file start-v5.pdb (PDB, C-alpha atoms)
MODEL        1
ATOM      1  CA  MET A  35     -20.163  -8.117 -16.401
ATOM      2  CA  THR A  36     -16.940 -10.132 -16.639
ATOM      3  CA  ALA A  37     -15.926 -12.957 -14.308
ATOM      4  CA  ILE A  38     -13.185 -10.745 -12.845
ATOM      5  CA  GLU A  39     -15.660  -7.952 -12.074
ATOM      6  CA  ALA A  40     -18.035 -10.459 -10.472
ATOM      7  CA  ARG A  41     -15.242 -11.807  -8.271
ATOM      8  CA  ALA A  42     -14.191  -8.270  -7.319
ATOM      9  CA  ILE A  43     -17.785  -7.567  -6.235
ATOM     10  CA  ASP A  44     -17.746 -10.711  -4.093
ATOM     11  CA  TRP A  45     -14.552  -9.543  -2.336
ATOM     12  CA  VAL A  46     -15.940  -6.069  -1.637
ATOM     13  CA  ILE A  47     -19.169  -7.497  -0.227
ATOM     14  CA  ALA A  48     -17.285 -10.026   1.917
ATOM     15  CA  GLN A  49     -14.959  -7.351   3.324
ATOM     16  CA  ARG A  50     -17.916  -5.320   4.546
ATOM     17  CA  ASP A  51     -18.343  -7.990   7.225
ATOM     18  CA  PRO A  52     -16.331  -6.961  10.326
ATOM     19  CA  ALA A  53     -15.514 -10.645  10.846
ATOM     20  CA  PHE A  54     -13.865 -11.006   7.415
ATOM     21  CA  ALA A  55     -10.444 -12.655   7.829
ATOM     22  CA  ASP A  56      -9.710 -14.369   4.503
ATOM     23  CA  TRP A  57      -6.848 -12.002   3.665
ATOM     24  CA  TYR A  58      -4.572 -14.790   2.418
ATOM     25  CA  ALA A  59      -6.962 -15.814  -0.341
ATOM     26  CA  PHE A  60      -7.661 -12.178  -1.191
ATOM     27  CA  ALA A  61      -3.932 -11.383  -1.525
ATOM     28  CA  ASP A  62      -3.418 -14.496  -3.674
ATOM     29  CA  TRP A  63      -6.272 -13.452  -5.966
ATOM     30  CA  LEU A  64      -4.813  -9.964  -6.375
ATOM     31  CA  ALA A  65      -1.394 -11.408  -7.216
ATOM     32  CA  GLU A  66      -2.751 -13.713  -9.938
ATOM     33  CA  ASP A  67      -3.330 -10.968 -12.507
ATOM     34  CA  PRO A  68      -2.889  -7.136 -12.549
ATOM     35  CA  ALA A  69      -6.435  -6.959 -13.931
ATOM     36  CA  HIS A  70      -7.729  -8.314 -10.603
ATOM     37  CA  ALA A  71      -6.311  -5.352  -8.661
ATOM     38  CA  ALA A  72      -7.641  -2.866 -11.213
ATOM     39  CA  ALA A  73     -11.141  -4.377 -11.058
ATOM     40  CA  TYR A  74     -11.112  -4.517  -7.262
ATOM     41  CA  ASP A  75     -10.005  -0.857  -6.991
ATOM     42  CA  ALA A  76     -12.778   0.242  -9.356
ATOM     43  CA  VAL A  77     -15.449  -1.720  -7.474
ATOM     44  CA  ALA A  78     -14.217  -0.576  -4.043
ATOM     45  CA  LEU A  79     -14.215   3.070  -5.118
ATOM     46  CA  LEU A  80     -17.695   2.731  -6.580
ATOM     47  CA  ASP A  81     -18.908   1.038  -3.402
ATOM     48  CA  ALA A  82     -17.647   3.984  -1.361
ATOM     49  CA  ASP A  83     -19.346   6.447  -3.718
ATOM     50  CA  LEU A  84     -22.640   4.548  -3.590
ATOM     51  CA  ASP A  85     -22.552   4.488   0.215
ATOM     52  CA  ALA A  86     -22.124   8.252   0.201
ATOM     53  CA  LEU A  87     -25.353   8.775  -1.750
ATOM     54  CA  PRO A  88     -28.393   9.890   0.289
ATOM     55  CA  ALA A  89     -30.945   7.189   0.971
ATOM     56  CA  ARG A  90     -34.114   7.314  -1.119
ATOM     57  CA  PRO A  91     -37.336   7.616   0.885
ATOM     58  CA  ALA A  92     -39.574   4.575   0.753
ATOM     59  CA  ALA A  93     -42.534   4.941  -1.609
ATOM     60  CA  PRO A  94     -46.000   4.615  -0.022
ATOM     61  CA  VAL A  95     -47.748   1.304  -0.698
ATOM     62  CA  ALA A  96     -51.461   1.345  -1.424
ATOM     63  CA  ALA A  97     -53.673  -1.270   0.168
ATOM     64  CA  ASN A  98     -54.605  -2.824  -3.198
ATOM     65  CA  ASP A  99     -51.034  -2.952  -4.495
ATOM     66  CA  GLU A 100     -49.590  -6.275  -5.535
ATOM     67  CA  ALA A 101     -47.248  -8.074  -3.172
ATOM     68  CA  PRO A 102     -43.783  -6.507  -3.259
ATOM     69  CA  ARG A 103     -41.237  -8.111  -5.525
ATOM     70  CA  VAL A 104     -38.437 -10.130  -4.044
ATOM     71  CA  ARG A 105     -35.518  -7.801  -3.380
ATOM     72  CA  PRO A 106     -32.526  -8.691  -5.562
ATOM     73  CA  SER A 107     -29.344  -9.835  -3.873
ATOM     74  CA  ARG A 108     -26.721  -7.218  -3.082
ATOM     75  CA  ARG A 109     -24.428  -8.772  -5.701
ATOM     76  CA  ALA A 110     -27.069  -8.591  -8.444
ATOM     77  CA  TRP A 111     -27.974  -5.010  -7.506
ATOM     78  CA  PHE A 112     -24.359  -4.022  -7.124
ATOM     79  CA  GLY A 113     -23.438  -5.540 -10.502
ATOM     80  CA  GLY A 114     -26.191  -3.539 -12.185
ATOM     81  CA  ALA A 115     -25.010  -0.405 -10.425
ATOM     82  CA  ILE A 116     -21.484  -0.994 -11.702
ATOM     83  CA  ALA A 117     -22.681  -1.424 -15.276
ATOM     84  CA  ALA A 118     -24.694   1.781 -15.054
ATOM     85  CA  ALA A 119     -21.804   3.617 -13.456
ATOM     86  CA  LEU A 120     -19.400   2.457 -16.170
ATOM     87  CA  VAL A 121     -21.715   3.889 -18.818
ATOM     88  CA  ALA A 122     -21.999   7.123 -16.842
ATOM     89  CA  ALA A 123     -18.247   7.306 -16.461
ATOM     90  CA  ILE A 124     -17.841   7.053 -20.227
ATOM     91  CA  THR A 125     -20.512   9.608 -21.080
ATOM     92  CA  VAL A 126     -19.798  11.981 -18.195
ATOM     93  CA  PRO A 127     -16.040  11.601 -17.546
ATOM     94  CA  ASN A 128     -15.799  14.427 -15.036
ATOM     95  CA  ILE A 129     -18.321  13.055 -12.559
ATOM     96  CA  GLY A 130     -15.535  11.324 -10.590
ATOM     97  CA  LEU A 131     -17.269   8.031  -9.766
ATOM     98  CA  PHE A 132     -13.960   6.235  -9.655
ATOM     99  CA  GLY A 133     -12.135   8.762  -7.468
ATOM    100  CA  ASP A 134      -8.914  10.592  -8.183
ATOM    101  CA  PRO A 135      -6.917   8.738 -10.876
ATOM    102  CA  ASN A 136      -3.745  10.365  -9.541
ATOM    103  CA  ARG A 137      -4.155   8.743  -6.124
ATOM    104  CA  ILE A 138      -2.931   5.141  -6.215
ATOM    105  CA  GLN A 139      -3.788   2.885  -3.278
ATOM    106  CA  THR A 140      -2.644  -0.730  -3.006
ATOM    107  CA  ALA A 141      -4.110  -3.503  -0.885
ATOM    108  CA  PRO A 142      -1.903  -5.520   1.496
ATOM    109  CA  GLY A 143       0.133  -7.962  -0.577
ATOM    110  CA  GLU A 144      -0.503  -6.067  -3.823
ATOM    111  CA  HIS A 145       2.471  -4.632  -5.739
ATOM    112  CA  ARG A 146       2.083  -2.093  -8.514
ATOM    113  CA  THR A 147       4.467  -0.278 -10.869
ATOM    114  CA  LEU A 148       3.860   3.200 -12.290
ATOM    115  CA  GLU A 149       5.646   4.326 -15.453
ATOM    116  CA  LEU A 150       5.917   8.128 -15.477
ATOM    117  CA  ALA A 151       5.991  10.360 -18.559
ATOM    118  CA  ASP A 152       9.637  11.342 -18.034
ATOM    119  CA  GLY A 153      10.773   7.702 -17.987
ATOM    120  CA  SER A 154      10.979   7.489 -14.192
ATOM    121  CA  ARG A 155       9.348   4.528 -12.435
ATOM    122  CA  ILE A 156       7.682   4.008  -9.053
ATOM    123  CA  GLU A 157       7.269   0.513  -7.613
ATOM    124  CA  ILE A 158       4.604   0.559  -4.891
ATOM    125  CA  ASN A 159       4.442  -2.019  -2.113
ATOM    126  CA  GLY A 160       1.184  -3.286  -0.619
ATOM    127  CA  GLY A 161      -0.845  -1.242   1.864
ATOM    128  CA  SER A 162       0.473   2.014   0.414
ATOM    129  CA  VAL A 163      -0.876   5.284  -0.972
ATOM    130  CA  VAL A 164       0.980   7.364  -3.581
ATOM    131  CA  THR A 165      -0.355  10.604  -5.069
ATOM    132  CA  LEU A 166       0.817  12.186  -8.317
ATOM    133  CA  ASP A 167       0.237  15.710  -9.634
ATOM    134  CA  GLU A 168      -0.633  16.401 -13.273
ATOM    135  CA  GLU A 169       0.776  19.901 -12.932
ATOM    136  CA  ARG A 170       4.087  18.587 -11.580
ATOM    137  CA  PRO A 171       5.271  15.565 -13.577
ATOM    138  CA  ARG A 172       8.506  15.312 -11.528
ATOM    139  CA  PHE A 173       6.682  14.979  -8.205
ATOM    140  CA  ALA A 174       5.114  12.245  -6.065
ATOM    141  CA  LYS A 175       3.737  12.082  -2.543
ATOM    142  CA  LEU A 176       3.968   8.941  -0.436
ATOM    143  CA  GLU A 177       1.077   9.295   1.994
ATOM    144  CA  SER A 178       1.675   5.948   3.680
ATOM    145  CA  GLY A 179       3.375   2.628   3.087
ATOM    146  CA  GLU A 180       6.412   1.959   0.935
ATOM    147  CA  ALA A 181       7.664   2.687  -2.567
ATOM    148  CA  MET A 182      10.865   2.314  -4.574
ATOM    149  CA  PHE A 183      11.669   5.245  -6.873
ATOM    150  CA  HIS A 184      13.792   4.946 -10.027
ATOM    151  CA  VAL A 185      14.387   8.483 -11.242
ATOM    152  CA  VAL A 186      15.661   9.690 -14.608
ATOM    153  CA  HIS A 187      18.399  12.293 -14.103
ATOM    154  CA  ARG A 188      17.667  15.916 -15.021
ATOM    155  CA  GLU A 189      20.199  18.393 -13.715
ATOM    156  CA  SER A 190      17.899  21.430 -13.844
ATOM    157  CA  ASP A 191      14.702  19.611 -12.847
ATOM    158  CA  PRO A 192      15.162  17.304  -9.821
ATOM    159  CA  PHE A 193      12.490  14.813  -8.840
ATOM    160  CA  VAL A 194      10.714  15.634  -5.554
ATOM    161  CA  VAL A 195       9.057  13.182  -3.171
ATOM    162  CA  GLU A 196       7.001  14.479  -0.244
ATOM    163  CA  THR A 197       6.118  12.316   2.740
ATOM    164  CA  GLY A 198       5.056  13.138   6.282
ATOM    165  CA  GLY A 199       5.854  16.831   5.865
ATOM    166  CA  ALA A 200       9.396  16.045   4.680
ATOM    167  CA  ARG A 201      10.801  16.715   1.246
ATOM    168  CA  LEU A 202      13.186  14.414  -0.621
ATOM    169  CA  VAL A 203      15.020  15.893  -3.612
ATOM    170  CA  ASP A 204      16.483  13.350  -5.973
ATOM    171  CA  LEU A 205      19.350  14.080  -8.339
ATOM    172  CA  GLY A 206      18.872  11.000 -10.531
ATOM    173  CA  THR A 207      18.980   7.748  -8.657
ATOM    174  CA  ALA A 208      17.113   4.820  -7.107
ATOM    175  CA  PHE A 209      15.886   4.905  -3.516
ATOM    176  CA  ASN A 210      13.329   3.285  -1.230
ATOM    177  CA  VAL A 211      11.008   5.231   1.097
ATOM    178  CA  VAL A 212       8.865   3.887   3.950
ATOM    179  CA  ARG A 213       6.268   5.967   5.782
ATOM    180  CA  ARG A 214       4.923   4.409   8.995
ATOM    181  CA  ASP A 215       3.965   5.442  12.539
ATOM    182  CA  ARG A 216       4.869   9.145  12.135
ATOM    183  CA  ALA A 217       8.332   8.195  10.866
ATOM    184  CA  THR A 218      10.076   8.170   7.497
ATOM    185  CA  SER A 219      12.830   5.779   6.386
ATOM    186  CA  VAL A 220      14.937   6.440   3.303
ATOM    187  CA  ALA A 221      17.515   4.100   1.741
ATOM    188  CA  VAL A 222      19.516   5.012  -1.371
ATOM    189  CA  SER A 223      20.741   2.285  -3.724
ATOM    190  CA  GLU A 224      22.036   4.534  -6.529
ATOM    191  CA  GLY A 225      22.934   8.199  -6.941
ATOM    192  CA  ILE A 226      22.157  10.997  -4.468
ATOM    193  CA  VAL A 227      19.105  12.033  -2.431
ATOM    194  CA  VAL A 228      18.811  15.133  -0.229
ATOM    195  CA  TYR A 229      16.447  15.158   2.770
ATOM    196  CA  ASN A 230      14.765  18.532   3.451
ATOM    197  CA  PRO A 231      17.335  20.593   1.500
ATOM    198  CA  HIS A 232      16.022  23.940   2.784
ATOM    199  CA  ARG A 233      16.086  22.913   6.451
ATOM    200  CA  ASP A 234      18.077  19.802   7.404
ATOM    201  CA  ASN A 235      19.979  19.410   4.102
ATOM    202  CA  VAL A 236      20.954  15.793   4.807
ATOM    203  CA  ARG A 237      22.718  14.287   1.808
ATOM    204  CA  MET A 238      22.666  10.525   1.159
ATOM    205  CA  VAL A 239      24.582   8.560  -1.453
ATOM    206  CA  ALA A 240      24.336   4.919  -2.511
ATOM    207  CA  GLY A 241      24.522   2.594   0.470
ATOM    208  CA  GLU A 242      23.246   5.209   2.928
ATOM    209  CA  GLY A 243      19.911   6.017   4.547
ATOM    210  CA  ILE A 244      18.128   7.750   7.394
ATOM    211  CA  GLU A 245      15.378   7.212   9.962
ATOM    212  CA  ALA A 246      13.500  10.462  10.681
ATOM    213  CA  ARG A 247      10.707  10.811  13.238
ATOM    214  CA  ASP A 248       8.116  13.564  13.061
ATOM    215  CA  GLY A 249       8.772  16.440  15.431
ATOM    216  CA  GLU A 250      12.483  15.806  15.916
ATOM    217  CA  LYS A 251      14.381  19.072  16.223
ATOM    218  CA  SER A 252      17.737  17.739  15.077
ATOM    219  CA  ALA A 253      18.488  16.490  11.569
ATOM    220  CA  PRO A 254      18.456  12.695  11.140
ATOM    221  CA  LYS A 255      21.819  10.956  11.100
ATOM    222  CA  VAL A 256      23.011   9.129   8.006
ATOM    223  CA  ARG A 257      23.675   5.421   8.490
ATOM    224  CA  LYS A 258      25.264   2.752   6.318
ATOM    225  CA  ILE A 259      23.009   0.254   4.523
ATOM    226  CA  ASP A 260      23.807  -2.743   2.349
ATOM    227  CA  SER A 261      22.729  -1.552  -1.120
ATOM    228  CA  ALA A 262      21.897  -5.114  -2.162
ATOM    229  CA  THR A 263      19.086  -5.290   0.414
ATOM    230  CA  ILE A 264      17.381  -2.009  -0.517
ATOM    231  CA  GLY A 265      13.957  -2.582  -2.038
ATOM    232  CA  GLY A 266      14.255  -6.322  -1.433
ATOM    233  CA  TRP A 267      10.499  -6.513  -0.886
ATOM    234  CA  ARG A 268      10.089  -6.454  -4.685
ATOM    235  CA  SER A 269      11.634  -9.929  -4.973
ATOM    236  CA  GLY A 270      10.247 -11.288  -1.694
ATOM    237  CA  GLN A 271      13.385 -10.784   0.414
ATOM    238  CA  LEU A 272      13.272  -8.793   3.641
ATOM    239  CA  VAL A 273      16.566  -8.217   5.458
ATOM    240  CA  TYR A 274      16.835  -6.719   8.949
ATOM    241  CA  ALA A 275      19.504  -5.594  11.381
ATOM    242  CA  ASP A 276      18.182  -5.147  14.944
ATOM    243  CA  THR A 277      14.737  -4.020  13.768
ATOM    244  CA  PRO A 278      11.823  -4.082  16.270
ATOM    245  CA  LEU A 279       9.652  -7.128  15.755
ATOM    246  CA  SER A 280       6.545  -4.941  15.442
ATOM    247  CA  VAL A 281       8.109  -3.232  12.403
ATOM    248  CA  VAL A 282       8.928  -6.594  10.819
ATOM    249  CA  ALA A 283       5.318  -7.710  11.321
ATOM    250  CA  GLY A 284       4.098  -4.533   9.638
ATOM    251  CA  ASP A 285       6.384  -5.203   6.670
ATOM    252  CA  LEU A 286       4.979  -8.721   6.302
ATOM    253  CA  ARG A 287       1.413  -7.400   6.344
ATOM    254  CA  ARG A 288       2.243  -4.810   3.705
ATOM    255  CA  THR A 289       4.486  -6.878   1.433
ATOM    256  CA  ALA A 290       2.827 -10.297   1.580
ATOM    257  CA  GLY A 291      -0.646  -9.584   2.905
ATOM    258  CA  ILE A 292       0.069 -11.837   5.901
ATOM    259  CA  ALA A 293      -2.161 -11.089   8.881
ATOM    260  CA  VAL A 294       0.408 -11.074  11.692
ATOM    261  CA  SER A 295       0.506  -9.160  14.975
ATOM    262  CA  VAL A 296       2.957  -9.090  17.873
ATOM    263  CA  SER A 297       2.094  -9.274  21.569
ATOM    264  CA  PRO A 298       3.074  -6.172  23.581
ATOM    265  CA  GLU A 299       5.871  -7.962  25.446
ATOM    266  CA  ALA A 300       7.514  -9.000  22.152
ATOM    267  CA  ALA A 301       6.881  -5.864  20.083
ATOM    268  CA  ASP A 302      10.250  -4.213  20.773
ATOM    269  CA  LEU A 303      12.419  -7.325  20.473
ATOM    270  CA  PRO A 304      15.249  -6.590  17.992
ATOM    271  CA  PHE A 305      15.262  -8.870  14.975
ATOM    272  CA  ARG A 306      18.303  -9.593  12.852
ATOM    273  CA  GLY A 307      18.065 -11.881   9.855
ATOM    274  CA  ALA A 308      16.464 -12.434   6.456
ATOM    275  CA  LEU A 309      12.970 -13.587   5.545
ATOM    276  CA  VAL A 310      12.003 -15.038   2.177
ATOM    277  CA  ILE A 311       8.379 -14.694   1.084
ATOM    278  CA  GLY A 312       7.402 -17.536  -1.226
ATOM    279  CA  ALA A 313       4.280 -19.457  -2.157
ATOM    280  CA  ASP A 314       4.072 -20.833   1.391
ATOM    281  CA  LYS A 315       3.648 -17.571   3.266
ATOM    282  CA  GLY A 316       3.332 -19.375   6.583
ATOM    283  CA  ARG A 317       6.985 -20.378   6.224
ATOM    284  CA  ALA A 318       8.025 -16.739   6.630
ATOM    285  CA  ILE A 319       6.168 -16.612   9.946
ATOM    286  CA  THR A 320       7.716 -19.811  11.282
ATOM    287  CA  ASP A 321      11.176 -18.599  10.209
ATOM    288  CA  LEU A 322      10.582 -15.267  11.925
ATOM    289  CA  ALA A 323       9.520 -16.982  15.145
ATOM    290  CA  ALA A 324      12.537 -19.304  15.101
ATOM    291  CA  LEU A 325      15.030 -16.519  14.416
ATOM    292  CA  SER A 326      13.518 -14.113  16.948
ATOM    293  CA  GLY A 327      13.035 -16.604  19.783
ATOM    294  CA  THR A 328       9.253 -16.132  19.835
ATOM    295  CA  ARG A 329       6.274 -18.446  19.383
ATOM    296  CA  ALA A 330       3.970 -18.197  16.377
ATOM    297  CA  GLU A 331       0.356 -18.956  17.263
ATOM    298  CA  ARG A 332      -2.265 -19.415  14.574
ATOM    299  CA  ARG A 333      -5.433 -17.473  15.363
ATOM    300  CA  GLY A 334      -8.139 -17.685  12.724
ATOM    301  CA  ASP A 335      -6.548 -16.821   9.393
ATOM    302  CA  GLY A 336      -3.748 -14.828  11.021
ATOM    303  CA  TRP A 337      -0.777 -15.207  13.324
ATOM    304  CA  VAL A 338       0.302 -13.757  16.651
ATOM    305  CA  LEU A 339       3.928 -13.731  17.825
ATOM    306  CA  THR A 340       4.410 -14.093  21.592
ATOM    307  CA  ARG A 341       7.363 -14.630  23.919
TER
ENDMDL
END
call {"tool": "encode", "arguments": {"input": "start-v5.pdb", "output": "structure tokens"}}
result
Amino acid sequence: MTAIEARAIDWVIAQRDPAFADWYAFADWLAEDPAHAAAYDAVALLDADLDALPARPAAPVAANDEAPRVRPSRRAWFGGAIAAALVAAITVPNIGLFGDPNRIQTAPGEHRTLELADGSRIEINGGSVVTLDEERPRFAKLESGEAMFHVVHRESDPFVVETGGARLVDLGTAFNVVRRDRATSVAVSEGIVVYNPHRDNVRMVAGEGIEARDGEKSAPKVRKIDSATIGGWRSGQLVYADTPLSVVAGDLRRTAGIAVSVSPEAADLPFRGALVIGADKGRAITDLAALSGTRAERRGDGWVLTR
């Protein structure tokens, strides 16, 4: 077992504790090396699979048996299970111990880039789930979270993104999609994207976007967006124009892995301004509080914004 695998096991074990709150350190560890995220994902998936196995009945103990051996620690047992599972995964590749390889899930604060066979690229923000389809190479589904799509143009074969029951057809462009709270946000930085072409047929060009809520009967209205701010999360810049404070807090949790919540009386306060996420992540919280007229209170390893 490598040192990275051992550390990934430690994180999985620690996060089983309902009181776990060391999300800052966890996010920093993930950001240090892409291999950390890959190891953590493999261990977490294996942990879920092992939990799903039926419990083995206890063997009867005879009166003249020797004293039972000391039970190994969970880490030692878990490490052995991983080694055995890795061998099994190599010899029996279809057993699925590591889950669906086409379903990519990122932890809060983790960013990942997918290079597709057609040359297109998907940059995935933290706290997000993206699903691909081997049968449809020009397709992706954003189940939750946020992703920036850079699509290679093919006139006769548009790229399709599904999210929240909606369908985005891309004609060769770059655009950002957010799926949160039964709502979908789309912002186009290059080219053209069409929202639900067979129903709403809302067309967006560079510098335009929409906010669409589930269940709305009318088509979403196109609004102007500064193209330079689209997908800013990739470089640690978040720009807002009258955005509810609760949404901003969610973006910070997803993008930087910062544990921040907003009190009910401050949740709908409109925020306008820019936040820069650097090495000192607490600075983004203090800036947000100052710009929004709220107070940032440290609670454990997280923050709460109040009026």
call {"tool": "resolve_selection", "arguments": {"input": "start-v5.pdb", "expression": "the PyMOL selection byres ((chain A and resi 203) around 10)", "output": "PyMOL selection string"}}
result
chain A and resi 173+191-196+201-202+204-206+226-231+235+237
call {"tool": "residues_near_point", "arguments": {"input": "start-v5.pdb", "point": "(9.0, -14.1, 14.7)", "cutoff": "12 Å", "atoms": "all atoms listed in the file", "output": "count of residues only"}}
result
44
call {"tool": "resolve_selection", "arguments": {"input": "start-v5.pdb", "expression": "the PyMOL selection byres ((chain A and resi 258-266) around 7)", "output": "PDB file with C-alpha atoms, in the coordinates of the input"}}
result
ATOM      1  CA  MET A 182      10.865   2.314  -4.574  1.00  0.00           C
ATOM      2  CA  ASN A 210      13.329   3.285  -1.230  1.00  0.00           C
ATOM      3  CA  ALA A 221      17.515   4.100   1.741  1.00  0.00           C
ATOM      4  CA  SER A 223      20.741   2.285  -3.724  1.00  0.00           C
ATOM      5  CA  ALA A 240      24.336   4.919  -2.511  1.00  0.00           C
ATOM      6  CA  GLY A 241      24.522   2.594   0.470  1.00  0.00           C
ATOM      7  CA  GLU A 242      23.246   5.209   2.928  1.00  0.00           C
ATOM      8  CA  GLY A 243      19.911   6.017   4.547  1.00  0.00           C
ATOM      9  CA  VAL A 256      23.011   9.129   8.006  1.00  0.00           C
ATOM     10  CA  ARG A 257      23.675   5.421   8.490  1.00  0.00           C
ATOM     11  CA  TRP A 267      10.499  -6.513  -0.886  1.00  0.00           C
ATOM     12  CA  ARG A 268      10.089  -6.454  -4.685  1.00  0.00           C
ATOM     13  CA  SER A 269      11.634  -9.929  -4.973  1.00  0.00           C
ATOM     14  CA  GLY A 270      10.247 -11.288  -1.694  1.00  0.00           C
ATOM     15  CA  GLN A 271      13.385 -10.784   0.414  1.00  0.00           C
ATOM     16  CA  LEU A 272      13.272  -8.793   3.641  1.00  0.00           C
ATOM     17  CA  VAL A 273      16.566  -8.217   5.458  1.00  0.00           C
TER      18      VAL A 273
END
call {"tool": "closest_atom_pairs", "arguments": {"input": "start-v5.pdb", "of": "region 183-245 of chain A", "to": "region 150-166 of chain A", "cutoff": "9 Å", "atoms": "all atoms listed in the file", "output": "tab-separated table"}}
result
residue	atom	partner	partner_atom	distance
A:Phe183	CA	A:Ile156	CA	4.7
A:His184	CA	A:Arg155	CA	5.1
A:Val185	CA	A:Ser154	CA	4.6
A:Val186	CA	A:Ser154	CA	5.2
A:His187	CA	A:Ser154	CA	8.8
A:Arg213	CA	A:Ser162	CA	8.8
call {"tool": "resolve_selection", "arguments": {"input": "start-v5.pdb", "expression": "the PyMOL selection byres ((chain A and resi 290) around 8)", "output": "compact mmCIF listing (two decimals) with C-alpha atoms, in the frame of the given file"}}
result
# COMPACT_ATOMS: atom_id res chain seq x y z
CA ALA A 61 -3.93 -11.38 -1.52
CA PRO A 142 -1.90 -5.52 1.50
CA GLY A 143 0.13 -7.96 -0.58
CA GLU A 144 -0.50 -6.07 -3.82
CA GLY A 160 1.18 -3.29 -0.62
CA LEU A 286 4.98 -8.72 6.30
CA ARG A 287 1.41 -7.40 6.34
CA ARG A 288 2.24 -4.81 3.70
CA THR A 289 4.49 -6.88 1.43
CA GLY A 291 -0.65 -9.58 2.90
CA ILE A 292 0.07 -11.84 5.90
CA ILE A 311 8.38 -14.69 1.08
CA LYS A 315 3.65 -17.57 3.27
